[in-house]
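So the structure is just underneath, and the comments pick up after that.
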Amino acid sequence: MNLSKEEKKFWKRHFRIEKLEDIPKEWGALKRIDSEEDDDFFYFLSLRVTSILEIHLKETLVTDEGVKYISKFKDLKILYLRNHSSITEKSIPYFNKMESLENLNLTKTAITLTHLCESLNNQSLREIFLDSEENEEDIDQKAIQLKERMPNCNIYLDTCFTTDAFGNPEKPIF
C-alpha cells in the first residue's frame with residue numbers, strides 16, 4: 001500500500017517522512033502549542049498511526065472533528081486540549097470512546113461542568129480539568145452527580161495541574 005499524494009505532502013511537511021515504512025505506528029507523545037495543527041492534521045495522522053500515549057494541544061486549530069480522529073488512537077492516556085474554543089460538548093461522545101483515557105484537560109474550551117454532567121461516562125478517567133462558568137449553578141450538585149457516575153475520577157475546576165506553583169497539592173472539587 002502506498003501513500004496518496006495528499007498523505008505524502010502531509011508526512012513530508014509535518015515530519016519530513018517520505019516513505020510509508022518510515023511512519024511509526026506507535027507514538028509516545030505529541031505536543032503542539034500555538035500552532036497550525038487542525039482537524040486535517042489528525043485525520044491524516046489517524047490513517048497511519050494506531051497508538052499515541054499522550055496528546056498535549058494548546059491553542060491549535062483543532063475542533064470537535066479533530067477530536068473524532070483523536071479518539072481513534074489506541075492507548076491514549078493523557079489528552080490535553082487547553083484553549084480551544086471550538087471544542088464543544090459535541091466531543092463528549094468521543095471522550096467516552098477513549099478506553100485508556102485517564103487524564104482529560106478541557107480548560108478554556110466551550111465544554112462546561114453542565115455538559116460533562118449530562119453525558120460524560122468514561123470509567124477509565126482518573127482526572128478531569130475544566131473551567132467553571134460564573135453562571136453555572138449548583139456546581140456541587142453537578143460534581144456529585146458526575147462523581148457518582150465515575151467514582152474513581154477527580155474533578156478539578158479552574159486549574160490545569162494537581163499542584164500549585166509551590167508544589168502544594170490542589171484539591172479536586174470531588
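By convention in this document, the chains of the C-alpha cells carry letters A, B, ... by their order, each chain's residues are numbered from 1, and ligands are numbered from 1 in the order they are shown.
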
Exercise for review: List the neighbours of Arg48 in chain A out to 8 Å using only C-alpha atoms; skip same-chain residues closer than 2 positions along the sequence, and give me the result as number ranges by chain.
Suggested key: A: 23, 25, 44-46, 50

Exercise for review: Assign secondary structure with DSSP using the backbone only, and return the residues of range 8-128 of chain A in strand (DSSP E) as an MDAnalysis selection string.
Suggested key: chainID A and resid 26:33 51:58 78:82 103:105 127:128

Written selection (C-alpha atoms) as a PDB file, in the first residue's frame:
```pdb
ATOM      1  CA  GLU A  26       3.024   3.806  17.827  1.00  0.00           C
ATOM      2  CA  TRP A  27       3.984   7.141  19.374  1.00  0.00           C
ATOM      3  CA  GLY A  28       4.790   8.182  22.916  1.00  0.00           C
ATOM      4  CA  ALA A  29       3.626  11.783  22.836  1.00  0.00           C
ATOM      5  CA  LEU A  30       2.541  14.566  20.508  1.00  0.00           C
ATOM      6  CA  LYS A  31       2.797  18.148  21.781  1.00  0.00           C
ATOM      7  CA  ARG A  32       1.780  21.300  19.921  1.00  0.00           C
ATOM      8  CA  ILE A  33       1.383  24.833  21.301  1.00  0.00           C
ATOM      9  CA  SER A  51      -1.391   4.408  19.088  1.00  0.00           C
ATOM     10  CA  ILE A  52      -0.386   7.619  20.887  1.00  0.00           C
ATOM     11  CA  LEU A  53       0.011   7.659  24.683  1.00  0.00           C
ATOM     12  CA  GLU A  54      -0.212  11.438  25.231  1.00  0.00           C
ATOM     13  CA  ILE A  55      -1.538  14.356  23.196  1.00  0.00           C
ATOM     14  CA  HIS A  56      -0.934  17.875  24.507  1.00  0.00           C
ATOM     15  CA  LEU A  57      -2.543  20.655  22.471  1.00  0.00           C
ATOM     16  CA  LYS A  58      -2.803  24.310  23.387  1.00  0.00           C
ATOM     17  CA  ILE A  78      -3.494  11.828  28.511  1.00  0.00           C
ATOM     18  CA  LEU A  79      -5.438  14.310  26.383  1.00  0.00           C
ATOM     19  CA  TYR A  80      -4.709  17.983  26.973  1.00  0.00           C
ATOM     20  CA  LEU A  81      -6.955  20.316  24.945  1.00  0.00           C
ATOM     21  CA  ARG A  82      -6.342  23.679  26.599  1.00  0.00           C
ATOM     22  CA  ASN A 103      -6.359  12.396  32.245  1.00  0.00           C
ATOM     23  CA  LEU A 104      -8.508  14.920  30.343  1.00  0.00           C
ATOM     24  CA  ASN A 105      -7.803  18.649  30.357  1.00  0.00           C
ATOM     25  CA  GLU A 127      -8.650  13.280  36.415  1.00  0.00           C
ATOM     26  CA  ILE A 128     -10.649  15.940  34.591  1.00  0.00           C
TER      27      ILE A 128
END
```

Point to revise | Non-local contacts of Gln123 in chain A (8 Å; only C-alpha atoms; under 3 positions in same chain excluded) as a PyMOL selection string | key: chain A and resi 150+152-153

Practice item. Check the DSSP output for the backbone and give back, as a ChimeraX atom specification, the residues of range 27-126 of chain A in helix (DSSP H, G or I). Key: /A:39-48,64-70,89-97,113-119

I need the residues from that last selection saved to file as a short mmCIF file (atom, residue, chain, number, x, y, z; two decimals), in the first residue's frame (with N, CA and C atoms), if you can.
```
data_model
loop_
_atom_site.label_atom_id
_atom_site.label_comp_id
_atom_site.auth_asym_id
_atom_site.auth_seq_id
_atom_site.Cartn_x
_atom_site.Cartn_y
_atom_site.Cartn_z
N ASP A 39 -7.96 19.87 12.13
CA ASP A 39 -8.66 18.60 12.02
C ASP A 39 -8.04 17.71 10.94
N ASP A 40 -7.64 18.31 9.82
CA ASP A 40 -7.00 17.53 8.75
C ASP A 40 -5.70 16.90 9.23
N PHE A 41 -4.97 17.60 10.08
CA PHE A 41 -3.73 17.05 10.64
C PHE A 41 -4.02 15.72 11.33
N PHE A 42 -5.04 15.71 12.17
CA PHE A 42 -5.36 14.48 12.90
C PHE A 42 -6.04 13.44 12.02
N TYR A 43 -6.71 13.88 10.97
CA TYR A 43 -7.25 12.92 10.00
C TYR A 43 -6.11 12.13 9.37
N PHE A 44 -5.13 12.82 8.81
CA PHE A 44 -4.01 12.15 8.15
C PHE A 44 -3.18 11.33 9.14
N LEU A 45 -2.99 11.87 10.33
CA LEU A 45 -2.23 11.14 11.35
C LEU A 45 -2.94 9.83 11.70
N SER A 46 -4.26 9.88 11.84
CA SER A 46 -5.02 8.69 12.24
C SER A 46 -5.08 7.62 11.15
N LEU A 47 -4.76 7.98 9.93
CA LEU A 47 -4.75 6.98 8.85
C LEU A 47 -3.59 6.00 8.99
N ARG A 48 -2.49 6.43 9.61
CA ARG A 48 -1.28 5.60 9.66
C ARG A 48 -0.79 5.28 11.07
N ASP A 64 -14.13 19.90 17.18
CA ASP A 64 -14.77 18.62 17.50
C ASP A 64 -14.45 17.55 16.46
N GLU A 65 -14.33 17.94 15.21
CA GLU A 65 -13.99 16.99 14.14
C GLU A 65 -12.62 16.37 14.39
N GLY A 66 -11.67 17.18 14.83
CA GLY A 66 -10.35 16.66 15.16
C GLY A 66 -10.38 15.69 16.33
N VAL A 67 -11.23 15.97 17.32
CA VAL A 67 -11.36 15.07 18.47
C VAL A 67 -11.88 13.71 18.00
N LYS A 68 -12.75 13.72 16.99
CA LYS A 68 -13.23 12.45 16.43
C LYS A 68 -12.06 11.61 15.93
N TYR A 69 -11.11 12.22 15.23
CA TYR A 69 -9.94 11.49 14.73
C TYR A 69 -9.01 11.09 15.88
N ILE A 70 -8.87 11.96 16.86
CA ILE A 70 -8.03 11.66 18.02
C ILE A 70 -8.57 10.43 18.76
N GLU A 89 -19.35 20.50 23.50
CA GLU A 89 -19.95 19.29 24.05
C GLU A 89 -20.14 18.20 23.00
N LYS A 90 -20.05 18.54 21.72
CA LYS A 90 -20.14 17.52 20.65
C LYS A 90 -18.98 16.53 20.72
N SER A 91 -17.92 16.88 21.42
CA SER A 91 -16.76 15.98 21.56
C SER A 91 -16.95 14.94 22.66
N ILE A 92 -17.90 15.14 23.54
CA ILE A 92 -18.05 14.23 24.69
C ILE A 92 -18.26 12.77 24.28
N PRO A 93 -19.07 12.46 23.28
CA PRO A 93 -19.18 11.04 22.88
C PRO A 93 -17.84 10.44 22.46
N TYR A 94 -16.95 11.25 21.91
CA TYR A 94 -15.62 10.75 21.54
C TYR A 94 -14.77 10.48 22.77
N PHE A 95 -14.89 11.34 23.79
CA PHE A 95 -14.17 11.09 25.05
C PHE A 95 -14.65 9.78 25.67
N ASN A 96 -15.94 9.52 25.57
CA ASN A 96 -16.50 8.28 26.13
C ASN A 96 -15.94 7.03 25.45
N LYS A 97 -15.53 7.15 24.20
CA LYS A 97 -15.00 6.01 23.44
C LYS A 97 -13.52 5.72 23.73
N LEU A 113 -19.00 22.11 33.07
CA LEU A 113 -19.36 21.05 34.01
C LEU A 113 -20.76 20.53 33.72
N THR A 114 -21.65 21.41 33.34
CA THR A 114 -23.02 21.01 32.99
C THR A 114 -23.01 20.03 31.82
N HIS A 115 -22.23 20.32 30.79
CA HIS A 115 -22.13 19.41 29.63
C HIS A 115 -21.60 18.04 30.05
N LEU A 116 -20.54 18.04 30.86
CA LEU A 116 -19.97 16.77 31.31
C LEU A 116 -20.96 15.99 32.15
N CYS A 117 -21.67 16.70 32.99
CA CYS A 117 -22.65 16.06 33.87
C CYS A 117 -23.76 15.40 33.05
N GLU A 118 -24.10 16.00 31.93
CA GLU A 118 -25.18 15.47 31.10
C GLU A 118 -24.79 14.19 30.36
N SER A 119 -23.51 14.08 29.92
CA SER A 119 -23.24 12.94 29.03
C SER A 119 -21.87 12.27 29.14
#
```

Review point. CA of Asn2 in chain A to CA of Ser35 in chain A: how many Å, to one decimal?
Key: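 That distance, rounded to one decimal, is 28.3 Å.
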
Exercise for review: For range 161-172 of chain A, work out the shell of residues within 9 Å, counting only C-alpha atoms and skipping chain neighbours fewer than 3 positions away, then give it as a PyMOL selection string.
Suggested key: chain A and resi 127+129+154-157

Would you put the residues from that selection into a file with C-alpha atoms, as an mmCIF file, in the first residue's frame?
```
data_model
loop_
_atom_site.group_PDB
_atom_site.id
_atom_site.type_symbol
_atom_site.label_atom_id
_atom_site.label_comp_id
_atom_site.auth_asym_id
_atom_site.auth_seq_id
_atom_site.Cartn_x
_atom_site.Cartn_y
_atom_site.Cartn_z
ATOM 1 C CA GLU A 127 -8.650 13.280 36.415
ATOM 2 C CA PHE A 129 -9.612 19.585 34.473
ATOM 3 C CA ASN A 154 -11.137 13.515 40.455
ATOM 4 C CA ILE A 155 -12.632 16.726 39.082
ATOM 5 C CA TYR A 156 -10.587 19.929 39.179
ATOM 6 C CA LEU A 157 -12.070 23.346 38.437
#
```

Practice item. Tell me, in Å to one decimal, how far CA of Ser86 in chain A is from CA of Ala110 in chain A. Key: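 Going from CA of Ser86 in chain A over to CA of Ala110 in chain A covers 6.8 Å.
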
**Study point:** Among listed residues A:Phe15, A:Thr107, A:Asn83, A:Leu20, nearest Leu3 in chain A (using only C-alpha atoms)
**Key:** A:Leu20
